[in-house]
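Below is the file coords27.txt, which contains compact mmCIF, C-alpha atoms and all ligand atoms.
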# COMPACT_ATOMS: atom_id res chain seq x y z
CA MET P 25 34.43 122.27 -42.46
CA LYS P 26 34.71 120.49 -45.83
CA ASP P 27 38.08 120.51 -47.56
CA MET P 28 38.76 121.38 -51.20
CA ARG P 29 41.63 120.58 -53.55
CA ALA P 30 44.01 123.34 -54.63
CA ILE P 31 47.25 123.64 -56.58
CA GLY P 32 50.01 126.02 -55.53
CA PHE P 33 53.74 126.57 -55.21
CA THR P 34 56.03 127.29 -52.29
CA GLN P 35 59.17 128.27 -54.20
CA ASN P 36 60.37 129.26 -57.63
CA LEU P 37 61.60 125.98 -59.10
CA PRO P 38 62.18 125.34 -62.82
CA ILE P 39 58.80 124.52 -64.31
CA THR P 40 60.14 121.12 -65.43
CA ASP P 41 60.72 120.20 -61.75
CA GLU P 42 57.85 117.99 -60.58
CA HIS P 43 57.74 119.93 -57.30
CA SER P 44 57.24 123.32 -58.99
CA PHE P 45 53.50 122.91 -58.32
CA LEU P 46 51.91 120.75 -55.66
CA GLU P 47 48.38 119.62 -54.95
CA PHE P 48 47.07 120.05 -51.41
CA PHE P 49 43.85 120.37 -49.45
CA GLU P 50 42.56 123.42 -47.62
CA PRO P 51 39.21 124.41 -46.09
CA LYS P 52 36.45 125.23 -48.56
CA PRO P 53 35.75 128.95 -47.97
CA THR P 54 32.36 130.46 -47.09
CA PRO P 55 31.31 133.59 -49.02
CA THR P 56 30.36 136.78 -47.15
CA GLY P 57 29.37 140.28 -48.32
CA HIS P 58 29.77 140.72 -52.10
CA ASP P 59 31.70 137.46 -52.52
CA ILE P 60 30.43 134.45 -54.42
CA LEU P 61 31.93 130.98 -54.11
CA VAL P 62 32.50 129.42 -57.52
CA LYS P 63 33.15 125.76 -58.35
CA VAL P 64 35.91 126.14 -60.93
CA VAL P 65 35.34 124.08 -64.08
CA ALA P 66 38.08 125.60 -66.25
CA THR P 67 40.96 128.02 -65.78
CA SER P 68 43.67 129.42 -68.02
CA VAL P 69 47.34 130.33 -67.63
CA ASN P 70 48.49 133.88 -68.41
CA PRO P 71 51.97 135.44 -68.37
CA VAL P 72 51.07 136.97 -64.99
CA ASP P 73 50.99 133.44 -63.49
CA THR P 74 54.51 132.67 -64.66
CA ALA P 75 55.70 136.14 -63.59
CA VAL P 76 54.33 135.73 -60.04
CA ARG P 77 55.81 132.25 -59.66
CA ARG P 78 59.19 133.20 -61.10
CA GLY P 79 59.28 136.41 -59.09
CA THR P 80 59.05 134.52 -55.79
CA THR P 81 62.43 134.87 -54.11
CA ILE P 82 61.78 133.10 -50.78
CA LYS P 83 60.42 129.71 -49.70
CA LEU P 84 56.81 130.35 -48.71
CA PRO P 85 55.46 128.85 -45.46
CA ARG P 86 52.31 127.64 -47.26
CA PRO P 87 51.48 127.10 -50.94
CA LYS P 88 50.47 130.17 -52.92
CA VAL P 89 47.54 129.61 -55.26
CA ILE P 90 47.55 131.61 -58.51
CA GLY P 91 45.39 131.42 -61.64
CA PHE P 92 43.57 134.45 -63.07
CA ASP P 93 40.79 133.17 -65.31
CA ALA P 94 37.80 131.02 -64.56
CA TYR P 95 34.65 129.52 -65.94
CA GLY P 96 32.62 128.03 -63.13
CA ILE P 97 29.30 127.42 -61.42
CA VAL P 98 28.16 129.53 -58.47
CA ASP P 99 28.07 127.31 -55.37
CA ALA P 100 27.06 129.82 -52.68
CA VAL P 101 26.70 133.60 -52.31
CA GLY P 102 27.43 136.20 -49.62
CA ASP P 103 24.68 138.18 -47.88
CA ALA P 104 25.19 141.35 -50.00
CA VAL P 105 25.24 139.58 -53.38
CA SER P 106 22.60 140.75 -55.85
CA LEU P 107 23.95 139.79 -59.28
CA PHE P 108 24.20 135.97 -59.03
CA HIS P 109 22.51 132.90 -57.58
CA PRO P 110 23.76 129.36 -56.87
CA GLY P 111 23.80 127.38 -60.11
CA ASP P 112 24.63 130.38 -62.34
CA ARG P 113 27.43 129.82 -64.85
CA VAL P 114 29.98 132.62 -64.62
CA TRP P 115 33.34 133.78 -66.00
CA TYR P 116 35.88 136.19 -64.58
CA ALA P 117 39.57 137.00 -64.14
CA GLY P 118 39.61 137.71 -60.41
CA SER P 119 41.82 139.85 -58.22
CA PHE P 120 45.61 140.12 -57.97
CA LYS P 121 45.38 140.42 -54.18
CA ARG P 122 43.49 137.19 -53.49
CA PRO P 123 44.14 133.46 -53.94
CA GLY P 124 43.72 132.47 -57.59
CA THR P 125 41.55 130.14 -59.60
CA ASP P 126 43.81 127.07 -59.49
CA SER P 127 41.54 125.50 -56.87
CA GLU P 128 38.37 123.46 -56.70
CA TYR P 129 36.33 126.35 -55.27
CA HIS P 130 37.19 130.02 -55.50
CA LEU P 131 35.96 133.20 -53.77
CA VAL P 132 35.49 136.27 -55.95
CA ASP P 133 33.70 139.60 -55.63
CA GLU P 134 30.51 139.53 -57.73
CA ARG P 135 31.30 143.00 -59.14
CA ILE P 136 34.17 141.64 -61.25
CA VAL P 137 32.23 138.58 -62.49
CA GLY P 138 30.03 138.23 -65.56
CA PRO P 139 27.45 135.69 -66.74
CA ALA P 140 29.30 133.22 -68.98
CA PRO P 141 28.44 133.06 -72.68
CA LYS P 142 25.86 130.36 -73.40
CA SER P 143 27.43 129.32 -76.71
CA LEU P 144 30.87 128.27 -75.41
CA ASN P 145 31.95 125.18 -73.49
CA PRO P 146 33.90 125.82 -70.25
CA ALA P 147 37.36 125.57 -71.83
CA ARG P 148 36.55 127.92 -74.70
CA ALA P 149 35.06 130.42 -72.25
CA ALA P 150 37.88 130.25 -69.69
CA ALA P 151 40.33 131.36 -72.40
CA MET P 152 38.79 134.80 -72.56
CA PRO P 153 38.06 136.84 -69.38
CA LEU P 154 41.47 138.33 -68.44
CA THR P 155 42.52 139.09 -72.00
CA SER P 156 39.09 140.48 -72.92
CA LEU P 157 39.06 142.80 -69.90
CA THR P 158 42.59 144.00 -70.70
CA ALA P 159 41.90 144.60 -74.38
CA TRP P 160 38.51 146.22 -73.68
CA GLU P 161 39.82 148.57 -70.99
CA ALA P 162 42.84 149.51 -73.14
CA LEU P 163 40.73 150.28 -76.21
CA PHE P 164 37.52 151.63 -74.73
CA GLU P 165 38.59 153.18 -71.43
CA GLN P 166 42.19 154.29 -71.92
CA LEU P 167 41.79 155.16 -75.62
CA PRO P 168 38.93 157.50 -76.61
CA LEU P 169 37.12 154.78 -78.56
CA SER P 170 33.83 152.94 -78.28
CA LEU P 171 32.11 150.06 -80.02
CA THR P 172 29.11 152.33 -80.56
CA THR P 173 31.13 154.88 -82.56
CA SER P 174 32.46 152.50 -85.19
CA LYS P 175 31.45 154.90 -87.99
CA ALA P 176 33.48 157.72 -86.39
CA ASN P 177 36.39 155.33 -85.87
CA ALA P 178 36.51 154.39 -89.55
CA GLY P 179 39.69 155.75 -91.10
CA LYS P 180 41.49 155.70 -87.73
CA SER P 181 44.42 153.32 -87.45
CA VAL P 182 45.76 151.26 -84.54
CA LEU P 183 49.08 149.42 -84.36
CA ILE P 184 48.77 146.37 -82.08
CA ILE P 185 52.22 145.15 -81.05
CA ASN P 186 51.89 141.39 -80.36
CA GLY P 187 48.76 140.56 -82.30
CA ALA P 188 48.69 136.78 -81.79
CA GLY P 189 49.19 136.50 -78.02
CA GLY P 190 46.29 136.16 -75.61
CA VAL P 191 45.57 139.88 -75.29
CA GLY P 192 46.36 140.67 -78.92
CA SER P 193 43.90 138.02 -80.12
CA MET P 194 41.11 139.85 -78.30
CA ALA P 195 42.41 143.35 -79.07
CA THR P 196 42.50 142.71 -82.83
CA GLN P 197 38.92 141.38 -82.72
CA LEU P 198 37.63 144.31 -80.66
CA ALA P 199 39.52 146.97 -82.65
CA HIS P 200 38.18 145.49 -85.89
CA LEU P 201 34.66 145.45 -84.43
CA ALA P 202 35.12 149.10 -83.45
CA GLY P 203 35.75 149.97 -87.10
CA LEU P 204 39.48 150.76 -86.84
CA THR P 205 42.08 149.86 -89.43
CA VAL P 206 44.18 147.29 -87.58
CA ILE P 207 47.89 146.83 -88.19
CA ALA P 208 49.06 143.93 -85.99
CA THR P 209 52.52 142.51 -85.42
CA ALA P 210 53.48 138.82 -85.66
CA SER P 211 56.71 137.08 -86.58
CA ARG P 212 55.84 133.56 -87.75
CA PRO P 213 53.62 132.30 -90.57
CA GLU P 214 51.20 130.78 -88.01
CA THR P 215 50.98 133.95 -85.88
CA VAL P 216 50.57 136.08 -89.02
CA ALA P 217 47.71 133.84 -90.19
CA TRP P 218 46.13 133.92 -86.69
CA THR P 219 46.13 137.74 -86.47
CA GLN P 220 44.65 138.01 -89.95
CA ALA P 221 41.91 135.56 -88.97
CA HIS P 222 41.15 137.66 -85.88
CA GLY P 223 40.70 141.06 -87.49
CA ALA P 224 44.11 142.39 -88.53
CA ASP P 225 43.94 144.26 -91.85
CA MET P 226 47.73 144.27 -92.20
CA VAL P 227 50.58 142.49 -90.41
CA VAL P 228 54.19 143.57 -89.77
CA ASN P 229 57.01 141.61 -88.15
CA HIS P 230 58.00 142.62 -84.59
CA ARG P 231 61.37 140.85 -84.96
CA GLN P 232 62.35 143.53 -87.50
CA ASP P 233 62.20 147.34 -87.32
CA LEU P 234 58.51 148.23 -87.33
CA VAL P 235 59.01 151.77 -88.65
CA PRO P 236 59.93 151.08 -92.30
CA GLN P 237 57.39 148.24 -92.42
CA VAL P 238 54.50 150.45 -91.31
CA HIS P 239 55.66 153.24 -93.66
CA ALA P 240 55.69 150.74 -96.52
CA LEU P 241 52.02 150.03 -95.84
CA GLY P 242 51.26 153.69 -96.53
CA TYR P 243 51.14 154.86 -92.90
CA PRO P 244 53.78 157.46 -91.93
CA THR P 245 52.13 157.40 -88.48
CA VAL P 246 49.14 155.74 -86.75
CA ASP P 247 46.42 157.24 -84.54
CA TYR P 248 46.75 154.70 -81.73
CA ILE P 249 49.28 152.14 -80.53
CA LEU P 250 48.57 149.21 -78.21
CA GLU P 251 51.84 147.89 -76.78
CA LEU P 252 51.33 144.27 -75.70
CA SER P 253 54.90 142.96 -75.47
CA ASN P 254 58.21 144.46 -74.39
CA LEU P 255 57.75 148.23 -74.01
CA ASN P 256 61.49 148.89 -73.78
CA GLN P 257 62.26 147.10 -77.04
CA HIS P 258 59.49 148.82 -78.97
CA TRP P 259 59.64 152.32 -77.40
CA PRO P 260 61.75 154.00 -80.15
CA GLU P 261 59.42 152.56 -82.82
CA ILE P 262 56.36 153.72 -80.86
CA VAL P 263 57.73 157.25 -80.53
CA SER P 264 58.45 157.34 -84.25
CA LEU P 265 55.13 155.88 -85.40
CA ILE P 266 52.61 157.67 -83.20
CA LYS P 267 50.69 160.47 -84.92
CA PRO P 268 50.90 164.01 -83.47
CA SER P 269 48.24 164.14 -80.70
CA GLY P 270 48.01 160.34 -80.93
CA HIS P 271 47.50 158.00 -77.99
CA ILE P 272 49.56 155.03 -76.79
CA VAL P 273 48.49 152.37 -74.28
CA SER P 274 50.96 149.92 -72.78
CA ILE P 275 50.01 146.84 -70.79
CA THR P 276 53.56 145.63 -70.09
CA GLY P 277 55.97 146.97 -67.52
CA SER P 278 59.25 148.54 -68.47
CA GLU P 279 62.48 147.07 -67.14
CA THR P 280 64.26 150.39 -67.44
CA PRO P 281 62.62 153.85 -67.41
CA ILE P 282 61.12 155.04 -70.68
CA ASP P 283 61.67 158.65 -71.73
CA LEU P 284 58.25 160.33 -71.92
CA ARG P 285 59.97 163.54 -73.05
CA ALA P 286 60.28 161.87 -76.44
CA LEU P 287 56.51 162.39 -76.86
CA LYS P 288 56.47 166.12 -76.07
CA GLN P 289 56.84 167.52 -79.59
CA LYS P 290 54.03 165.28 -80.80
CA ARG P 291 52.06 166.02 -77.60
CA ALA P 292 51.12 162.35 -77.70
CA THR P 293 49.39 160.74 -74.71
CA PHE P 294 50.77 157.68 -72.94
CA SER P 295 48.51 155.54 -70.70
CA TRP P 296 49.06 152.38 -68.72
CA GLU P 297 46.46 149.64 -68.63
CA TRP P 298 46.45 147.24 -65.69
CA MET P 299 43.50 144.90 -65.68
CA TYR P 300 43.67 144.52 -61.88
CA THR P 301 43.58 148.23 -60.97
CA LYS P 302 39.86 148.29 -60.18
CA SER P 303 39.80 145.24 -57.91
CA TYR P 304 43.22 146.00 -56.38
CA PHE P 305 42.14 149.43 -55.16
CA GLY P 306 38.41 148.65 -54.83
CA THR P 307 37.63 151.61 -57.11
CA PRO P 308 34.03 152.88 -57.24
CA ASP P 309 33.82 151.76 -60.89
CA MET P 310 34.97 148.20 -60.23
CA ILE P 311 31.52 146.91 -61.24
CA SER P 312 32.43 148.01 -64.78
CA GLN P 313 34.26 144.66 -65.10
CA HIS P 314 30.90 142.93 -64.55
CA ASP P 315 29.49 145.11 -67.35
CA ILE P 316 32.42 144.44 -69.71
CA LEU P 317 32.26 140.67 -69.19
CA THR P 318 28.49 140.77 -69.72
CA GLN P 319 28.94 142.64 -73.01
CA VAL P 320 31.74 140.35 -74.17
CA ALA P 321 29.53 137.30 -73.46
CA GLN P 322 26.71 138.88 -75.49
CA LEU P 323 29.09 139.59 -78.39
CA VAL P 324 30.31 135.98 -78.26
CA ASP P 325 26.76 134.63 -78.26
CA ALA P 326 25.93 136.97 -81.16
CA GLY P 327 28.85 135.49 -83.14
CA LYS P 328 30.77 138.79 -83.20
CA LEU P 329 33.70 137.63 -81.06
CA VAL P 330 35.30 134.17 -81.04
CA THR P 331 37.17 132.26 -78.38
CA THR P 332 40.96 132.44 -78.53
CA LEU P 333 41.49 128.92 -77.11
CA THR P 334 44.23 126.96 -78.90
CA LYS P 335 45.38 124.36 -76.32
CA THR P 336 43.45 122.40 -73.69
CA PHE P 337 44.69 120.21 -70.83
CA THR P 338 42.30 117.90 -68.96
CA PRO P 339 41.91 117.65 -65.98
CA ILE P 340 43.03 120.52 -63.75
CA ASN P 341 45.98 119.02 -61.87
CA ALA P 342 49.57 119.91 -60.99
CA ALA P 343 51.13 118.04 -63.93
CA ASN P 344 48.89 119.78 -66.45
CA LEU P 345 49.44 123.15 -64.76
CA ARG P 346 53.20 122.67 -65.14
CA ALA P 347 52.75 121.83 -68.83
CA ALA P 348 50.60 124.92 -69.40
CA HIS P 349 53.09 127.18 -67.57
CA GLU P 350 55.89 125.77 -69.69
CA LEU P 351 54.01 126.77 -72.85
CA VAL P 352 53.37 130.32 -71.62
CA GLU P 353 56.94 130.74 -70.37
CA ALA P 354 58.21 130.06 -73.90
CA ASN P 355 56.64 133.41 -74.98
CA ARG P 356 55.36 131.89 -78.23
CA MET P 357 51.71 131.36 -77.35
CA ILE P 358 49.11 131.76 -80.04
CA GLY P 359 45.82 132.58 -78.32
CA LYS P 360 45.29 130.82 -74.97
CA VAL P 361 45.98 127.63 -73.05
CA VAL P 362 43.30 126.31 -70.69
CA LEU P 363 42.96 123.56 -68.07
CA THR P 364 39.51 122.08 -67.66
CA ASN P 365 37.72 119.37 -65.72
CA GLU P 366 34.94 119.14 -68.27
CA LEU P 367 35.49 119.32 -72.03
CA GLU P 368 31.87 119.66 -73.13
CA SER P 369 28.80 120.87 -71.31
N1 LIG Q 401 48.51 145.14 -67.83
C1 LIG Q 401 47.66 144.14 -67.86
O1 LIG Q 401 46.57 144.20 -67.30
C2 LIG Q 401 48.05 142.89 -68.59
C3 LIG Q 401 47.08 141.92 -68.87
C4 LIG Q 401 47.45 140.80 -69.61
C5 LIG Q 401 48.76 140.62 -70.01
N2 LIG Q 401 49.68 141.57 -69.66
C6 LIG Q 401 51.08 141.41 -70.13
O2 LIG Q 401 51.05 141.63 -71.53
C7 LIG Q 401 51.98 140.79 -72.20
C8 LIG Q 401 51.26 139.98 -73.26
O3 LIG Q 401 50.36 139.09 -72.65
P1 LIG Q 401 49.72 137.92 -73.53
O4 LIG Q 401 48.89 137.09 -72.65
O5 LIG Q 401 49.09 138.49 -74.76
O6 LIG Q 401 51.08 137.16 -73.93
P2 LIG Q 401 51.32 135.85 -74.73
O7 LIG Q 401 50.04 135.25 -75.17
O8 LIG Q 401 52.24 134.98 -73.97
O9 LIG Q 401 52.14 136.40 -76.02
C9 LIG Q 401 52.79 135.49 -76.87
C10 LIG Q 401 53.12 136.18 -78.19
O10 LIG Q 401 54.12 137.17 -77.94
C11 LIG Q 401 54.72 137.46 -79.18
N3 LIG Q 401 55.99 138.08 -78.90
C12 LIG Q 401 57.08 137.51 -78.33
N4 LIG Q 401 58.09 138.42 -78.25
C13 LIG Q 401 57.61 139.59 -78.77
C14 LIG Q 401 58.17 140.88 -78.96
N5 LIG Q 401 59.42 141.15 -78.60
N6 LIG Q 401 57.39 141.83 -79.51
C15 LIG Q 401 56.12 141.57 -79.88
N7 LIG Q 401 55.54 140.37 -79.73
C16 LIG Q 401 56.28 139.38 -79.18
C17 LIG Q 401 54.82 136.09 -79.86
O11 LIG Q 401 54.64 136.26 -81.24
P3 LIG Q 401 55.62 135.56 -82.31
O12 LIG Q 401 55.77 134.13 -81.88
O13 LIG Q 401 54.95 135.76 -83.64
O14 LIG Q 401 56.94 136.31 -82.23
C18 LIG Q 401 53.68 135.26 -79.23
O15 LIG Q 401 52.68 134.93 -80.17
C19 LIG Q 401 52.66 139.98 -71.08
O16 LIG Q 401 53.83 140.66 -70.71
C20 LIG Q 401 51.66 140.04 -69.94
O17 LIG Q 401 52.25 139.90 -68.67
C21 LIG Q 401 49.36 142.68 -68.97
As structure tokens - that is how I would like this structure written.
Amino acid sequence: MKDMRAIGFTQNLPITDEHSFLEFFEPKPTPTGHDILVKVVATSVNPVDTAVRRGTTIKLPRPKVIGFDAYGIVDAVGDAVSLFHPGDRVWYAGSFKRPGTDSEYHLVDERIVGPAPKSLNPARAAAMPLTSLTAWEALFEQLPLSLTTSKANAGKSVLIINGAGGVGSMATQLAHLAGLTVIATASRPETVAWTQAHGADMVVNHRQDLVPQVHALGYPTVDYILELSNLNQHWPEIVSLIKPSGHIVSITGSETPIDLRALKQKRATFSWEWMYTKSYFGTPDMISQHDILTQVAQLVDAGKLVTTLTKTFTPINAANLRAAHELVEANRMIGKVVLTNELES
């Protein structure tokens, strides 16, 4: 069996340690069933990568491969595959339960894969799948919104906490496209400018109390809140700012319990969004991620959504993966960081 290159870690070392990631060889897998084998051309780093690595408390017997975004070319397909053929260019985020995209070839279930946009090079495309799926599911599955009801959404407001990060950069674009009034949060001149360029109508600073800032914009409350950074820190502001019968979606965990009783008087709804739920549990609607990625690619090719790529490392190797993790760990990312083997295509 032919071998392939992969990058992984066996223990949680400081990211500046040259052994925090290592390159190794393992057998190139063969796809079966609904799996496709993808030759990875570009991959990105998300906070989940740094969380998984830093959450590893033991020395692993073999390297763990992470990475949850890919642009690649289909190399081979399983016997039940109907959506893709060898040679197709695809993009996807993958599954939390399986080895990640930091490898030369990668197995993924076709139902969570979409055809890549034709108008983006591999790096620009690889910046988008995980964050697009998260933002899309939060807005259009967990909130009662749709891109096709943008007229009905006009006049509705959404507060997006963390507007310039990877997810926020897609959420502001999608919420704007859906016709909502978007109030995003950002704390630096460059993140403020970025959110405004990606669809935010107004910007408030998440390093200061959000409540008086949103009031000062003329909004005593907002219809919807997307919480994309630090639920515990922002919970009192969320409780205060949500409209009666409003709806909150959080994508981050909470380090300590949050008090849902605080929402009772307003009878506000609280939902979690976890981008991996469908693939983790193999839900019957898991093919909806194929549909979402297909629609996002069409919106990109139609010029309605733009890539959120801000930093590229070439090629995909352990040193560049360490550098990309270091950037994400700093919690100051604007848009996305990508590793690619091919800058243009
Ligand atoms: N549930 C899911 O499916 C899912 C999916 C994707 C991500 N996530 C999680 O969602 C979070 C955001 O992910 P991401 O990729 O968008 O992150 P990211 O790109 O790393 O976010 C970086 C941004 O966070 C902002 N920020 C830092 N501290 C903040 C605070 N206390 N309040 C508000 N904003 C703050 C910074 O803005 P300034 O520099 O302007 O302060 C920076 O621009 C992470 O915790 C990630 O693990 C969950």
Leaving out Ser170 (chain P) and any residue of its chain fewer than 2 positions from it, which residues lie within 10 Å of it when counting all atoms listed in the file, given as a JSON list (two decimals) with C-alpha atoms, in the coordinates of the input?
[["chain", "number", "residue", "atom", "x", "y", "z"],
["P", 160, "TRP", "CA", 38.51, 146.22, -73.68],
["P", 163, "LEU", "CA", 40.73, 150.28, -76.21],
["P", 164, "PHE", "CA", 37.52, 151.63, -74.73],
["P", 165, "GLU", "CA", 38.59, 153.18, -71.43],
["P", 167, "LEU", "CA", 41.79, 155.16, -75.62],
["P", 168, "PRO", "CA", 38.93, 157.50, -76.61],
["P", 172, "THR", "CA", 29.11, 152.33, -80.56],
["P", 173, "THR", "CA", 31.13, 154.88, -82.56],
["P", 174, "SER", "CA", 32.46, 152.50, -85.19],
["P", 176, "ALA", "CA", 33.48, 157.72, -86.39],
["P", 177, "ASN", "CA", 36.39, 155.33, -85.87],
["P", 198, "LEU", "CA", 37.63, 144.31, -80.66],
["P", 199, "ALA", "CA", 39.52, 146.97, -82.65],
["P", 201, "LEU", "CA", 34.66, 145.45, -84.43],
["P", 202, "ALA", "CA", 35.12, 149.10, -83.45],
["P", 203, "GLY", "CA", 35.75, 149.97, -87.10]]
Protein and nucleic residues near ligand LIG 401 (chain Q), 7 Å, all atoms listed in the file, as a short mmCIF file (atom, residue, chain, number, x, y, z; two decimals) with C-alpha atoms, keeping the file's coordinate frame:
data_model
loop_
_atom_site.label_atom_id
_atom_site.label_comp_id
_atom_site.auth_asym_id
_atom_site.auth_seq_id
_atom_site.Cartn_x
_atom_site.Cartn_y
_atom_site.Cartn_z
CA ASN P 70 48.49 133.88 -68.41
CA PRO P 71 51.97 135.44 -68.37
CA VAL P 72 51.07 136.97 -64.99
CA LEU P 154 41.47 138.33 -68.44
CA THR P 155 42.52 139.09 -72.00
CA THR P 158 42.59 144.00 -70.70
CA ILE P 185 52.22 145.15 -81.05
CA ASN P 186 51.89 141.39 -80.36
CA ALA P 188 48.69 136.78 -81.79
CA GLY P 189 49.19 136.50 -78.02
CA GLY P 190 46.29 136.16 -75.61
CA VAL P 191 45.57 139.88 -75.29
CA GLY P 192 46.36 140.67 -78.92
CA THR P 209 52.52 142.51 -85.42
CA ALA P 210 53.48 138.82 -85.66
CA SER P 211 56.71 137.08 -86.58
CA ARG P 212 55.84 133.56 -87.75
CA THR P 215 50.98 133.95 -85.88
CA VAL P 216 50.57 136.08 -89.02
CA HIS P 230 58.00 142.62 -84.59
CA ARG P 231 61.37 140.85 -84.96
CA LEU P 252 51.33 144.27 -75.70
CA SER P 253 54.90 142.96 -75.47
CA ASN P 254 58.21 144.46 -74.39
CA GLN P 257 62.26 147.10 -77.04
CA ILE P 275 50.01 146.84 -70.79
CA THR P 276 53.56 145.63 -70.09
CA GLU P 297 46.46 149.64 -68.63
CA TRP P 298 46.45 147.24 -65.69
CA MET P 299 43.50 144.90 -65.68
CA TYR P 300 43.67 144.52 -61.88
CA VAL P 352 53.37 130.32 -71.62
CA ASN P 355 56.64 133.41 -74.98
CA ARG P 356 55.36 131.89 -78.23
CA MET P 357 51.71 131.36 -77.35
CA ILE P 358 49.11 131.76 -80.04
CA GLY P 359 45.82 132.58 -78.32
CA LYS P 360 45.29 130.82 -74.97
#
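Using all atoms listed in the file, the set of residues no farther than 10 Å from the position (24.6, 140.7, -49.5) comprises Pro55, Thr56, Gly57, His58, Asp59, Ile60, Val101, Gly102, Asp103, Ala104, Val105, Ser106 and Leu107 of chain P.
Minimum atom-to-atom distances from P:Arg77, P:Arg346, P:Arg29, P:Lys290 to Ile266 (chain P) were compared using only C-alpha atoms, and the lowest value belongs to P:Lys290.
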Would you list the contacts of Glu350 (chain P) as a ChimeraX atom specification, taking every protein, DNA or RNA residue within 8 Å and counting all atoms listed in the file, but skipping same-chain residues closer than 4 positions in sequence? /P:39-40,346,354
